[in-house]
Amino acid sequence: LTGLSPNIHVALFIGADLPEESIIQRWIAEPVRAAFIPTSIFKTNRMGYPVLSWRHQSLVLLLHKHKIQLVLTDRPRHEEGVRPYQMYLRHLLNKLPPLTQMESFEESYRDYLQSPLQPLMDNLESQTYETFEKDPIKYGRYEEAVEVALLDTPTEKTTVLMVVGAGRGPLVKASLRAAKKVGRKVRMYAVEKNPNAVVTLRDLHRRENWGDMVTIVHTDMRV
């Protein structure tokens with residue numbers, strides 16, 4: 001009806017009975033901007049203060065993680081008014097652990113459609129390379145894969161490695177670390193078409209004193 005207007009968002013009403021987890025996750029995938037939490041779903045603890053059930057606590061933490069605004073509704077049932085509810089929610093949110101390295105990296109991209117990159121057609125900007133290089137998983141896995149591959153080669157052999165699309169050099173560095181770990185000799189060719197990335201790559205080559213071990217090839221891999 002709205003033509004998928006980006007100006008229209010969803011507000012959830014949190015009731016006393018929560019649906020199953022799969023339904024909650026489906027709603028989290030929608031453009032939810034706010035969640036209404038009525039005071040009627042709070043229970044009273046032994047000290048006479050409002051608290052939420054374990055499932056409601058988990059839901060509130062999930063909503064906060066996705067930057068969804070929490071809105072208290074209905075009349076407060078505590079003699080001190082709305083303040084105990086606010087204090088409880090603040091206490092609950094303060095229990096969240098700090099973001100991991102991966103979560104920090106993903107946070108600014110969460111719930112946003114990303115335009116597909118075209119590195120073969122366009123020369124990527126330095127900011128894009130910097131974002132790639134913050135990936136805490138990718139380069140570690142790449143290094144482990146190179147280690148496993150090199151372990152299958154004779155110790156006296158010099159293995160030729162090619163990084164096709166070397167960018168600013170993180171995969172080159174990961175491969176060299178892998179070779180050092182397993183005690184293998186390698187000769188590397190770093191192929192990159194982006195002239196801006198090649199400048200950074202050559203500077204890295206000089207600073208790291210790679211010498212003849214790494215050859216930078218400034219060309220399009222499709223040539």
# chains A, B, ... in the order shown; residues from 1 in each chain; ligands from 1

$ residues_around --residues "A:Gln127" --least-positions-apart "3" --cutoff "12 Å" --atoms "only C-alpha atoms" --output "list in words"
Asn123, Leu124, Glu130, Thr131, Phe132, Glu133, Lys134, Gly167, Arg168, Asn196 and Ala197 of chain A

$ write_last_selection --atoms "C-alpha atoms" --output "PDB file, in the first residue's frame"
ATOM      1  CA  ASN A 123      38.791   1.429  -8.804  1.00  0.00           C
ATOM      2  CA  LEU A 124      37.828   1.093  -5.145  1.00  0.00           C
ATOM      3  CA  GLU A 130      40.168   0.174   4.980  1.00  0.00           C
ATOM      4  CA  THR A 131      36.750  -1.303   5.723  1.00  0.00           C
ATOM      5  CA  PHE A 132      37.771  -4.640   4.191  1.00  0.00           C
ATOM      6  CA  GLU A 133      40.966  -4.716   6.237  1.00  0.00           C
ATOM      7  CA  LYS A 134      39.058  -4.351   9.516  1.00  0.00           C
ATOM      8  CA  GLY A 167      44.501  -4.331  -2.933  1.00  0.00           C
ATOM      9  CA  ARG A 168      46.655  -2.605  -0.338  1.00  0.00           C
ATOM     10  CA  ASN A 196      45.926   4.154  -5.986  1.00  0.00           C
ATOM     11  CA  ALA A 197      46.179   0.781  -4.277  1.00  0.00           C
TER      12      ALA A 197
END

$ residues_around --residues "A:Thr73" --least-positions-apart "3" --cutoff "9 Å" --atoms "only C-alpha atoms" --output "MDAnalysis selection string"
chainID A and resid 36:40 76

$ residues_around --residues "stretch 44-53 of chain A" --least-positions-apart "5" --cutoff "8 Å" --atoms "only C-alpha atoms" --output "PyMOL selection string"
chain A and resi 78+84-85+88

$ residues_around --residues "stretch 27-32 of chain A" --least-positions-apart "5" --cutoff "12 Å" --atoms "only C-alpha atoms" --output "mmCIF file with all heavy atoms, in the first residue's frame"
data_model
loop_
_atom_site.group_PDB
_atom_site.id
_atom_site.type_symbol
_atom_site.label_atom_id
_atom_site.label_comp_id
_atom_site.auth_asym_id
_atom_site.auth_seq_id
_atom_site.Cartn_x
_atom_site.Cartn_y
_atom_site.Cartn_z
ATOM 1 N N LEU A 4 6.583 0.599 -0.314
ATOM 2 C CA LEU A 4 7.862 0.396 0.381
ATOM 3 C C LEU A 4 8.549 1.728 0.685
ATOM 4 O O LEU A 4 9.753 1.894 0.496
ATOM 5 C CB LEU A 4 8.789 -0.497 -0.444
ATOM 6 C CG LEU A 4 8.274 -1.911 -0.735
ATOM 7 C CD1 LEU A 4 9.245 -2.673 -1.617
ATOM 8 C CD2 LEU A 4 8.016 -2.684 0.546
ATOM 9 N N SER A 5 7.784 2.683 1.155
ATOM 10 C CA SER A 5 8.333 3.995 1.463
ATOM 11 C C SER A 5 9.360 3.904 2.586
ATOM 12 O O SER A 5 9.087 3.307 3.642
ATOM 13 C CB SER A 5 7.217 4.960 1.893
ATOM 14 O OG SER A 5 7.759 6.158 2.393
ATOM 15 N N PRO A 6 10.542 4.510 2.414
ATOM 16 C CA PRO A 6 11.563 4.481 3.472
ATOM 17 C C PRO A 6 11.197 5.375 4.656
ATOM 18 O O PRO A 6 11.870 5.350 5.681
ATOM 19 C CB PRO A 6 12.816 5.005 2.756
ATOM 20 C CG PRO A 6 12.290 5.857 1.647
ATOM 21 C CD PRO A 6 11.014 5.204 1.204
ATOM 22 N N ASN A 7 10.133 6.178 4.510
ATOM 23 C CA ASN A 7 9.717 7.078 5.584
ATOM 24 C C ASN A 7 8.731 6.431 6.554
ATOM 25 O O ASN A 7 8.318 7.054 7.528
ATOM 26 C CB ASN A 7 9.078 8.342 4.993
ATOM 27 C CG ASN A 7 10.059 9.129 4.145
ATOM 28 O OD1 ASN A 7 11.224 9.255 4.511
ATOM 29 N ND2 ASN A 7 9.598 9.638 3.014
ATOM 30 N N ILE A 8 8.328 5.199 6.260
ATOM 31 C CA ILE A 8 7.382 4.500 7.127
ATOM 32 C C ILE A 8 8.123 3.397 7.867
ATOM 33 O O ILE A 8 8.809 2.562 7.263
ATOM 34 C CB ILE A 8 6.217 3.914 6.313
ATOM 35 C CG1 ILE A 8 5.421 5.050 5.662
ATOM 36 C CG2 ILE A 8 5.313 3.073 7.199
ATOM 37 C CD1 ILE A 8 4.263 4.571 4.825
ATOM 38 N N HIS A 9 7.983 3.408 9.205
ATOM 39 C CA HIS A 9 8.669 2.425 10.042
ATOM 40 C C HIS A 9 7.656 1.680 10.915
ATOM 41 O O HIS A 9 6.482 2.059 10.993
ATOM 42 C CB HIS A 9 9.719 3.115 10.910
ATOM 43 C CG HIS A 9 10.776 3.817 10.115
ATOM 44 N ND1 HIS A 9 11.904 3.190 9.656
ATOM 45 C CD2 HIS A 9 10.859 5.106 9.682
ATOM 46 C CE1 HIS A 9 12.647 4.051 8.981
ATOM 47 N NE2 HIS A 9 12.031 5.217 8.980
ATOM 48 N N VAL A 10 8.143 0.664 11.579
ATOM 49 C CA VAL A 10 7.290 -0.201 12.390
ATOM 50 C C VAL A 10 7.496 0.119 13.869
ATOM 51 O O VAL A 10 8.621 0.376 14.307
ATOM 52 C CB VAL A 10 7.632 -1.687 12.130
ATOM 53 C CG1 VAL A 10 6.793 -2.594 13.023
ATOM 54 C CG2 VAL A 10 7.412 -2.031 10.663
ATOM 55 N N ALA A 11 6.402 0.106 14.630
ATOM 56 C CA ALA A 11 6.452 0.193 16.088
ATOM 57 C C ALA A 11 5.805 -1.070 16.646
ATOM 58 O O ALA A 11 4.686 -1.420 16.258
ATOM 59 C CB ALA A 11 5.735 1.439 16.592
ATOM 60 N N LEU A 12 6.491 -1.757 17.512
ATOM 61 C CA LEU A 12 5.988 -2.995 18.091
ATOM 62 C C LEU A 12 5.366 -2.732 19.459
ATOM 63 O O LEU A 12 5.849 -1.886 20.220
ATOM 64 C CB LEU A 12 7.120 -4.020 18.239
ATOM 65 C CG LEU A 12 7.846 -4.465 16.962
ATOM 66 C CD1 LEU A 12 8.955 -5.450 17.310
ATOM 67 C CD2 LEU A 12 6.871 -5.091 15.978
ATOM 68 N N PHE A 13 4.313 -3.474 19.756
ATOM 69 C CA PHE A 13 3.717 -3.450 21.088
ATOM 70 C C PHE A 13 4.095 -4.756 21.774
ATOM 71 O O PHE A 13 3.790 -5.841 21.264
ATOM 72 C CB PHE A 13 2.193 -3.291 21.014
ATOM 73 C CG PHE A 13 1.530 -3.277 22.357
ATOM 74 C CD1 PHE A 13 1.414 -2.095 23.079
ATOM 75 C CD2 PHE A 13 1.041 -4.448 22.911
ATOM 76 C CE1 PHE A 13 0.813 -2.087 24.331
ATOM 77 C CE2 PHE A 13 0.446 -4.450 24.158
ATOM 78 C CZ PHE A 13 0.328 -3.267 24.873
ATOM 79 N N ILE A 14 4.760 -4.664 22.907
ATOM 80 C CA ILE A 14 5.229 -5.852 23.614
ATOM 81 C C ILE A 14 4.179 -6.270 24.633
ATOM 82 O O ILE A 14 3.928 -5.545 25.610
ATOM 83 C CB ILE A 14 6.574 -5.587 24.320
ATOM 84 C CG1 ILE A 14 7.577 -4.955 23.346
ATOM 85 C CG2 ILE A 14 7.119 -6.874 24.912
ATOM 86 C CD1 ILE A 14 7.879 -5.780 22.137
ATOM 87 N N PRO A 19 5.597 -14.249 21.363
ATOM 88 C CA PRO A 19 5.548 -15.331 20.372
ATOM 89 C C PRO A 19 6.841 -16.139 20.400
ATOM 90 O O PRO A 19 7.796 -15.800 21.121
ATOM 91 C CB PRO A 19 5.403 -14.571 19.047
ATOM 92 C CG PRO A 19 6.055 -13.253 19.301
ATOM 93 C CD PRO A 19 5.763 -12.929 20.736
ATOM 94 N N GLU A 20 6.899 -17.180 19.594
ATOM 95 C CA GLU A 20 8.106 -17.994 19.552
ATOM 96 C C GLU A 20 9.257 -17.205 18.936
ATOM 97 O O GLU A 20 9.070 -16.193 18.250
ATOM 98 C CB GLU A 20 7.861 -19.284 18.770
ATOM 99 C CG GLU A 20 7.384 -19.074 17.341
ATOM 100 C CD GLU A 20 6.949 -20.374 16.695
ATOM 101 O OE1 GLU A 20 6.193 -21.131 17.329
ATOM 102 O OE2 GLU A 20 7.392 -20.617 15.560
ATOM 103 N N GLU A 21 10.475 -17.672 19.178
ATOM 104 C CA GLU A 21 11.682 -16.930 18.819
ATOM 105 C C GLU A 21 11.774 -16.639 17.329
ATOM 106 O O GLU A 21 12.225 -15.559 16.918
ATOM 107 C CB GLU A 21 12.923 -17.718 19.268
ATOM 108 C CG GLU A 21 14.233 -16.970 19.131
ATOM 109 C CD GLU A 21 14.304 -15.736 20.019
ATOM 110 O OE1 GLU A 21 13.602 -15.706 21.046
ATOM 111 O OE2 GLU A 21 15.052 -14.807 19.660
ATOM 112 N N SER A 22 11.352 -17.573 16.492
ATOM 113 C CA SER A 22 11.465 -17.372 15.047
ATOM 114 C C SER A 22 10.617 -16.188 14.579
ATOM 115 O O SER A 22 11.007 -15.448 13.671
ATOM 116 C CB SER A 22 11.033 -18.641 14.301
ATOM 117 O OG SER A 22 9.680 -18.968 14.600
ATOM 118 N N LEU A 59 14.315 -10.031 25.162
ATOM 119 C CA LEU A 59 13.749 -9.254 24.055
ATOM 120 C C LEU A 59 14.181 -7.785 24.136
ATOM 121 O O LEU A 59 14.560 -7.180 23.129
ATOM 122 C CB LEU A 59 12.229 -9.363 24.059
ATOM 123 C CG LEU A 59 11.502 -8.540 22.995
ATOM 124 C CD1 LEU A 59 11.972 -8.915 21.591
ATOM 125 C CD2 LEU A 59 9.993 -8.720 23.113
ATOM 126 N N VAL A 60 14.141 -7.220 25.327
ATOM 127 C CA VAL A 60 14.549 -5.823 25.506
ATOM 128 C C VAL A 60 16.014 -5.637 25.109
ATOM 129 O O VAL A 60 16.376 -4.664 24.427
ATOM 130 C CB VAL A 60 14.315 -5.372 26.961
ATOM 131 C CG1 VAL A 60 15.031 -4.054 27.251
ATOM 132 C CG2 VAL A 60 12.820 -5.218 27.230
ATOM 133 N N LEU A 62 17.691 -7.463 23.015
ATOM 134 C CA LEU A 62 17.773 -7.621 21.560
ATOM 135 C C LEU A 62 17.338 -6.339 20.850
ATOM 136 O O LEU A 62 17.984 -5.889 19.894
ATOM 137 C CB LEU A 62 16.898 -8.801 21.120
ATOM 138 C CG LEU A 62 16.846 -9.075 19.608
ATOM 139 C CD1 LEU A 62 18.216 -9.475 19.094
ATOM 140 C CD2 LEU A 62 15.819 -10.172 19.304
ATOM 141 N N LEU A 63 16.251 -5.742 21.317
ATOM 142 C CA LEU A 63 15.766 -4.502 20.723
ATOM 143 C C LEU A 63 16.798 -3.390 20.865
ATOM 144 O O LEU A 63 17.056 -2.630 19.925
ATOM 145 C CB LEU A 63 14.450 -4.087 21.383
ATOM 146 C CG LEU A 63 13.247 -5.022 21.186
ATOM 147 C CD1 LEU A 63 12.086 -4.591 22.073
ATOM 148 C CD2 LEU A 63 12.821 -5.059 19.730
ATOM 149 N N HIS A 64 17.386 -3.299 22.035
ATOM 150 C CA HIS A 64 18.393 -2.258 22.270
ATOM 151 C C HIS A 64 19.621 -2.471 21.388
ATOM 152 O O HIS A 64 20.200 -1.501 20.878
ATOM 153 C CB HIS A 64 18.797 -2.266 23.743
ATOM 154 C CG HIS A 64 19.824 -1.232 24.083
ATOM 155 N ND1 HIS A 64 19.545 0.110 24.107
ATOM 156 C CD2 HIS A 64 21.147 -1.346 24.392
ATOM 157 C CE1 HIS A 64 20.630 0.787 24.425
ATOM 158 N NE2 HIS A 64 21.620 -0.069 24.601
ATOM 159 N N LYS A 65 19.990 -3.720 21.193
ATOM 160 C CA LYS A 65 21.145 -4.030 20.353
ATOM 161 C C LYS A 65 20.928 -3.549 18.926
ATOM 162 O O LYS A 65 21.876 -3.153 18.237
ATOM 163 C CB LYS A 65 21.398 -5.542 20.374
ATOM 164 C CG LYS A 65 22.665 -5.987 19.672
ATOM 165 C CD LYS A 65 22.890 -7.479 19.837
ATOM 166 C CE LYS A 65 24.168 -7.924 19.148
ATOM 167 N NZ LYS A 65 24.390 -9.382 19.303
ATOM 168 N N HIS A 66 19.679 -3.558 18.487
ATOM 169 C CA HIS A 66 19.354 -3.103 17.137
ATOM 170 C C HIS A 66 18.926 -1.630 17.119
ATOM 171 O O HIS A 66 18.322 -1.179 16.152
ATOM 172 C CB HIS A 66 18.247 -3.982 16.538
ATOM 173 C CG HIS A 66 18.729 -5.332 16.117
ATOM 174 N ND1 HIS A 66 19.118 -5.616 14.829
ATOM 175 C CD2 HIS A 66 18.909 -6.485 16.825
ATOM 176 C CE1 HIS A 66 19.508 -6.881 14.750
ATOM 177 N NE2 HIS A 66 19.385 -7.427 15.943
ATOM 178 N N LYS A 67 19.240 -0.923 18.213
ATOM 179 C CA LYS A 67 18.995 0.528 18.302
ATOM 180 C C LYS A 67 17.517 0.883 18.117
ATOM 181 O O LYS A 67 17.173 1.870 17.461
ATOM 182 C CB LYS A 67 19.867 1.282 17.297
ATOM 183 C CG LYS A 67 21.359 1.083 17.504
ATOM 184 C CD LYS A 67 22.182 1.966 16.609
ATOM 185 C CE LYS A 67 23.675 1.720 16.803
ATOM 186 N NZ LYS A 67 24.121 1.991 18.181
ATOM 187 N N ILE A 68 16.656 0.045 18.672
ATOM 188 C CA ILE A 68 15.217 0.306 18.629
ATOM 189 C C ILE A 68 14.823 1.036 19.907
ATOM 190 O O ILE A 68 15.159 0.602 21.015
ATOM 191 C CB ILE A 68 14.438 -1.019 18.489
ATOM 192 C CG1 ILE A 68 14.772 -1.673 17.130
ATOM 193 C CG2 ILE A 68 12.943 -0.805 18.627
ATOM 194 C CD1 ILE A 68 14.253 -3.084 16.980
ATOM 195 N N GLN A 69 14.126 2.153 19.752
ATOM 196 C CA GLN A 69 13.750 2.979 20.900
ATOM 197 C C GLN A 69 12.728 2.252 21.766
ATOM 198 O O GLN A 69 11.741 1.699 21.272
ATOM 199 C CB GLN A 69 13.184 4.317 20.429
ATOM 200 C CG GLN A 69 12.844 5.269 21.566
ATOM 201 C CD GLN A 69 12.314 6.589 21.062
ATOM 202 O OE1 GLN A 69 12.058 6.751 19.866
ATOM 203 N NE2 GLN A 69 12.136 7.555 21.951
ATOM 204 N N LEU A 70 12.939 2.276 23.086
ATOM 205 C CA LEU A 70 12.020 1.651 24.035
ATOM 206 C C LEU A 70 11.132 2.733 24.644
ATOM 207 O O LEU A 70 11.631 3.742 25.149
ATOM 208 C CB LEU A 70 12.815 0.926 25.132
ATOM 209 C CG LEU A 70 13.840 -0.102 24.634
ATOM 210 C CD1 LEU A 70 14.614 -0.683 25.809
ATOM 211 C CD2 LEU A 70 13.159 -1.215 23.850
ATOM 212 N N ARG A 110 24.730 -2.849 9.837
ATOM 213 C CA ARG A 110 23.594 -3.701 10.183
ATOM 214 C C ARG A 110 22.289 -3.105 9.659
ATOM 215 O O ARG A 110 22.027 -1.915 9.805
ATOM 216 C CB ARG A 110 23.517 -3.879 11.710
ATOM 217 C CG ARG A 110 22.383 -4.784 12.165
ATOM 218 C CD ARG A 110 22.341 -4.905 13.658
ATOM 219 N NE ARG A 110 23.464 -5.665 14.156
ATOM 220 C CZ ARG A 110 24.162 -5.343 15.233
ATOM 221 N NH1 ARG A 110 23.876 -4.250 15.898
ATOM 222 N NH2 ARG A 110 25.164 -6.084 15.627
ATOM 223 N N ASP A 111 21.489 -3.958 9.054
ATOM 224 C CA ASP A 111 20.157 -3.585 8.562
ATOM 225 C C ASP A 111 20.182 -2.546 7.451
ATOM 226 O O ASP A 111 19.209 -1.803 7.263
ATOM 227 C CB ASP A 111 19.268 -3.090 9.714
ATOM 228 C CG ASP A 111 18.971 -4.189 10.717
ATOM 229 O OD1 ASP A 111 19.054 -5.368 10.325
ATOM 230 O OD2 ASP A 111 18.671 -3.887 11.872
ATOM 231 N N TYR A 112 21.291 -2.467 6.727
ATOM 232 C CA TYR A 112 21.357 -1.572 5.578
ATOM 233 C C TYR A 112 21.701 -2.385 4.332
ATOM 234 O O TYR A 112 22.638 -3.188 4.351
ATOM 235 C CB TYR A 112 22.437 -0.491 5.774
ATOM 236 C CG TYR A 112 22.037 0.595 6.742
ATOM 237 C CD1 TYR A 112 22.418 0.534 8.082
ATOM 238 C CD2 TYR A 112 21.270 1.684 6.326
ATOM 239 C CE1 TYR A 112 22.045 1.524 8.972
ATOM 240 C CE2 TYR A 112 20.893 2.680 7.213
ATOM 241 C CZ TYR A 112 21.289 2.596 8.537
ATOM 242 O OH TYR A 112 20.915 3.567 9.409
ATOM 243 N N LEU A 113 20.937 -2.163 3.270
ATOM 244 C CA LEU A 113 21.265 -2.805 2.002
ATOM 245 C C LEU A 113 22.505 -2.131 1.427
ATOM 246 O O LEU A 113 22.581 -0.910 1.341
ATOM 247 C CB LEU A 113 20.089 -2.681 1.027
ATOM 248 C CG LEU A 113 18.853 -3.521 1.336
ATOM 249 C CD1 LEU A 113 17.744 -3.187 0.348
ATOM 250 C CD2 LEU A 113 19.165 -5.004 1.309
#

$ atom_distance --atom1 "atom CA of A:Asn94" --atom2 "atom CA of A:Ile137"
27.7 Å

$ residues_around --residues "A:Leu61" --least-positions-apart "3" --cutoff "8 Å" --atoms "only C-alpha atoms" --output "VMD selection string"
chain A and resid 57 to 58 64 to 65 92 to 93 96

$ residues_around --residues "A:Gly211" --least-positions-apart "3" --cutoff "12 Å" --atoms "only C-alpha atoms" --output "list in words"
Arg187, Met188, Tyr189, Arg202, Leu204, His205, Arg206, Arg207, Glu208, Val214, Thr215 and Ile216 of chain A

$ select_by_dssp --residues "chain A" --states "alpha helix (DSSP H)" --output "PyMOL selection string"
chain A and resi 21-28+54-65+83-94+101-107+126-133+138-151+170-182+195-208

$ select_by_dssp --residues "stretch 12-184 of chain A" --states "strand (DSSP E or B)" --output "PyMOL selection string"
chain A and resi 12-13+32-38+43-44+50-51+69-73+158-164

$ atom_distance --atom1 "atom CA of A:Trp210" --atom2 "atom CA of A:Val148"
22.5 Å

$ residues_around --residues "stretch 152-157 of chain A" --least-positions-apart "5" --cutoff "12 Å" --atoms "only C-alpha atoms" --output "VMD selection string"
chain A and resid 145 to 147 179 to 180 182 to 187

$ atom_distance --atom1 "atom CA of A:Glu106" --atom2 "atom CA of A:Leu171"
20.5 Å
